[in-house]
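Trainee: Once you've had a glance at the structure underneath, I'll fire off some questions.
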Amino acid sequence: MSSTNSLEDNIKNLEQYIEYFSDFPKPGILYKDILSLFNHSDGIKLLEIILKQISIQLRGKVDCIAMLETRGFMFGPILSLHLNVPCIPVSKKGNLPGPVIEWPYILEYGEDILTVQLNSIKKGQKIFLVDDFLATGGTLEAASKLIEKAGGEVVQGLVLMEKCELEGRKRLNFPMIALISD
């Protein structure tokens, strides 16, 4: 693990920190837990190196990091520090204080509402959207629409893992980086 390795080599090395759980969340599913990397200090260091390498590619192209609740909150601040740009939370309704802008969306199991604090996004800001997982794309799509409603423009996104067979990327109108694809 080194910052002298290529981004691709570091991402490949990240895979050693993934843990597998059979029959979770239901029988027949093999769950790949990317967050298990936080159980290892070397995994955390490697993730920080990867995010720094991605930040170098983003420098000058984004004005703000938008991080999705809750797992995106773990990665957004690291990118924000490396890019020297603000980092704003995108949360479910009721989790942010003060006036908020809302965007309702449909999930596989019901409906929900995403919020962002009023005036946290400036008109025309170029936003880099961060979450942990891309499956059907519903949450990321809703977050991008919320950001547009607030006046920003999502120029790119990042997830740690993407479940490709669900084709969630097709719902998004911005390019995505997935560190690990399944």
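We name chains A, B, ... following the order of the structure tokens; residues begin at 1 in each chain, and ligands are numbered from 1 as shown.
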Considering only C-alpha atoms, tabulate each residue of region 76-104 of chain A that lies at most 12 Å from region 151-161 of chain A along with its nearest interatomic pair and the corresponding distance in Å to one decimal; arrange the rows by chain and ascending residue number and present them as CSV.
Mentor:
```
residue,atom,partner,partner_atom,distance
A:Gly76,CA,A:Leu158,CA,9.7
A:Leu79,CA,A:Leu158,CA,10.5
A:Ile88,CA,A:Gly152,CA,11.9
A:Ile101,CA,A:Gly151,CA,10.7
```
Trainee: Next, dump the selected residues to file, keeping only N, CA and C atoms, as an mmCIF file, in the first residue's frame.
Mentor:
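Output (out_6.cif):
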```cif
data_model
loop_
_atom_site.group_PDB
_atom_site.id
_atom_site.type_symbol
_atom_site.label_atom_id
_atom_site.label_comp_id
_atom_site.auth_asym_id
_atom_site.auth_seq_id
_atom_site.Cartn_x
_atom_site.Cartn_y
_atom_site.Cartn_z
ATOM 1 N N GLY A 76 -16.923 11.838 2.344
ATOM 2 C CA GLY A 76 -17.005 13.216 1.875
ATOM 3 C C GLY A 76 -15.986 14.152 2.505
ATOM 4 N N LEU A 79 -12.407 13.822 0.999
ATOM 5 C CA LEU A 79 -12.306 14.478 -0.307
ATOM 6 C C LEU A 79 -12.307 15.993 -0.155
ATOM 7 N N ILE A 88 -21.125 19.264 2.136
ATOM 8 C CA ILE A 88 -22.467 19.449 2.682
ATOM 9 C C ILE A 88 -23.193 18.110 2.805
ATOM 10 N N ILE A 101 -34.413 22.303 1.834
ATOM 11 C CA ILE A 101 -35.053 22.037 0.552
ATOM 12 C C ILE A 101 -35.275 20.531 0.514
#
```
Trainee: DSSP says strand (DSSP E or B) for which residues of region 50-131 of chain A? Put them as a PyMOL selection string?
Mentor: chain A and resi 64-68+87-92+100-107+110-117+126-131
Trainee: Skip Val85 (chain A) itself and residues of its chain fewer than 2 positions away, then list as number ranges by chain all residues within 7 Å of it, counting only C-alpha atoms.
Mentor: A: 63-64, 80-81, 83, 87
Trainee: Rank nothing, just name the residue among A:Leu179, A:Arg171, A:Asn119, A:Gln57 nearest to Leu14 (chain A), using only C-alpha atoms.
Mentor: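 Answer, going by the shortest atom-to-atom distance: A:Leu179.
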Trainee: Using only C-alpha atoms, which of A:Ser144, A:Gly60, A:Gly138, A:Phe21 sits nearest Gly110 (chain A)?
Mentor: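 Checking each candidate against Gly110 (chain A), we get A:Gly138 as the closest.
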Trainee: I'd like the contact shell of Gly72 (chain A) - 6 Å cut-off, only C-alpha atoms, skipping same-chain residues fewer than 5 positions apart - returned as a ChimeraX atom specification.
Mentor: /A:67,130-132
Trainee: Measure the distance from CA of Ala66 (chain A) to CA of Tyr20 (chain A) in Å and round it to one decimal.
Mentor: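 So the two atoms, CA of Ala66 (chain A) and CA of Tyr20 (chain A), lie 28.7 Å apart.
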Trainee: For Gly98 (chain A), find every residue with an atom within 10 Å (counting only C-alpha atoms), except residues of its own chain fewer than 6 positions away, and show them as a list of chain:residue names.
Mentor: A:Val116, A:Gln117, A:Leu118
Trainee: Please compute the CA of Gly124 (chain A)-CA of Arg71 (chain A) distance, one decimal, in Å.
Mentor: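 Between these atoms lies a distance of 25.9 Å.
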Trainee: What lies within 8 Å of Leu46 (chain A) using only C-alpha atoms, ignoring chain neighbours under 2 positions off, as a PyMOL selection string?
Mentor: chain A and resi 1-2+10+14+42-44+48-50
Trainee: Any idea what the distance is between CA of Val90 (chain A) and CA of Leu68 (chain A)?
Mentor: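 Going from CA of Val90 (chain A) over to CA of Leu68 (chain A) covers 4.9 Å.
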Trainee: DSSP on the backbone, then: every residue of chain A marked helix (DSSP H, G or I), written as a ChimeraX atom specification.
Mentor: /A:7-17,34-39,41-58,71-74,76-83,138-149,164-166,168-171
Trainee: Just write the chosen residues, C-alpha atoms, as a compact mmCIF listing (two decimals), in the first residue's frame.
Mentor:
```txt
# COMPACT_ATOMS: atom_id res chain seq x y z
CA LEU A 7 -5.04 4.39 -8.47
CA GLU A 8 -6.03 1.11 -10.13
CA ASP A 9 -3.48 -0.87 -8.07
CA ASN A 10 -4.65 0.77 -4.85
CA ILE A 11 -8.30 0.00 -5.65
CA LYS A 12 -7.37 -3.62 -6.36
CA ASN A 13 -5.59 -3.76 -2.97
CA LEU A 14 -8.71 -2.36 -1.30
CA GLU A 15 -10.62 -5.52 -2.22
CA GLN A 16 -8.70 -7.52 0.41
CA TYR A 17 -10.60 -5.63 3.12
CA ILE A 34 -17.07 -2.70 1.88
CA LEU A 35 -17.30 -0.93 5.23
CA SER A 36 -15.35 -3.75 6.84
CA LEU A 37 -12.26 -1.88 5.65
CA PHE A 38 -12.78 0.39 8.69
CA ASN A 39 -11.90 -2.60 10.90
CA SER A 41 -6.09 0.76 10.09
CA ASP A 42 -4.29 -0.20 6.87
CA GLY A 43 -7.66 -0.30 5.08
CA ILE A 44 -8.49 3.19 6.30
CA LYS A 45 -5.07 4.47 5.22
CA LEU A 46 -5.47 2.87 1.81
CA LEU A 47 -8.91 4.44 1.35
CA GLU A 48 -7.46 7.83 2.26
CA ILE A 49 -4.71 7.37 -0.36
CA ILE A 50 -7.31 6.41 -2.99
CA LEU A 51 -9.49 9.42 -2.17
CA LYS A 52 -6.43 11.67 -2.36
CA GLN A 53 -5.59 10.25 -5.81
CA ILE A 54 -9.18 10.87 -6.96
CA SER A 55 -9.01 14.40 -5.51
CA ILE A 56 -5.99 15.18 -7.69
CA GLN A 57 -8.09 14.31 -10.76
CA LEU A 58 -10.95 16.53 -9.52
CA ARG A 71 -22.19 6.29 4.87
CA GLY A 72 -21.30 9.03 2.41
CA PHE A 73 -20.53 11.09 5.53
CA MET A 74 -17.49 8.85 6.06
CA GLY A 76 -17.01 13.22 1.88
CA PRO A 77 -14.89 15.06 4.45
CA ILE A 78 -11.70 13.33 3.28
CA LEU A 79 -12.31 14.48 -0.31
CA SER A 80 -13.30 17.91 0.93
CA LEU A 81 -10.03 18.33 2.83
CA HIS A 82 -7.91 17.23 -0.13
CA LEU A 83 -9.77 19.56 -2.48
CA GLY A 138 -32.84 5.76 -6.83
CA THR A 139 -31.15 7.56 -3.96
CA LEU A 140 -28.35 9.04 -6.07
CA GLU A 141 -30.86 10.14 -8.71
CA ALA A 142 -33.00 11.82 -6.05
CA ALA A 143 -29.95 13.50 -4.51
CA SER A 144 -28.91 14.91 -7.89
CA LYS A 145 -32.42 16.28 -8.48
CA LEU A 146 -32.40 17.85 -5.01
CA ILE A 147 -29.02 19.47 -5.73
CA GLU A 148 -30.34 20.83 -9.04
CA LYS A 149 -33.42 22.19 -7.24
CA CYS A 164 -23.80 -3.59 -11.82
CA GLU A 165 -26.58 -6.11 -12.54
CA LEU A 166 -29.16 -3.66 -11.14
CA GLY A 168 -28.56 1.90 -11.39
CA ARG A 169 -26.03 3.92 -13.38
CA LYS A 170 -28.57 4.18 -16.22
CA ARG A 171 -30.77 6.41 -14.03
```
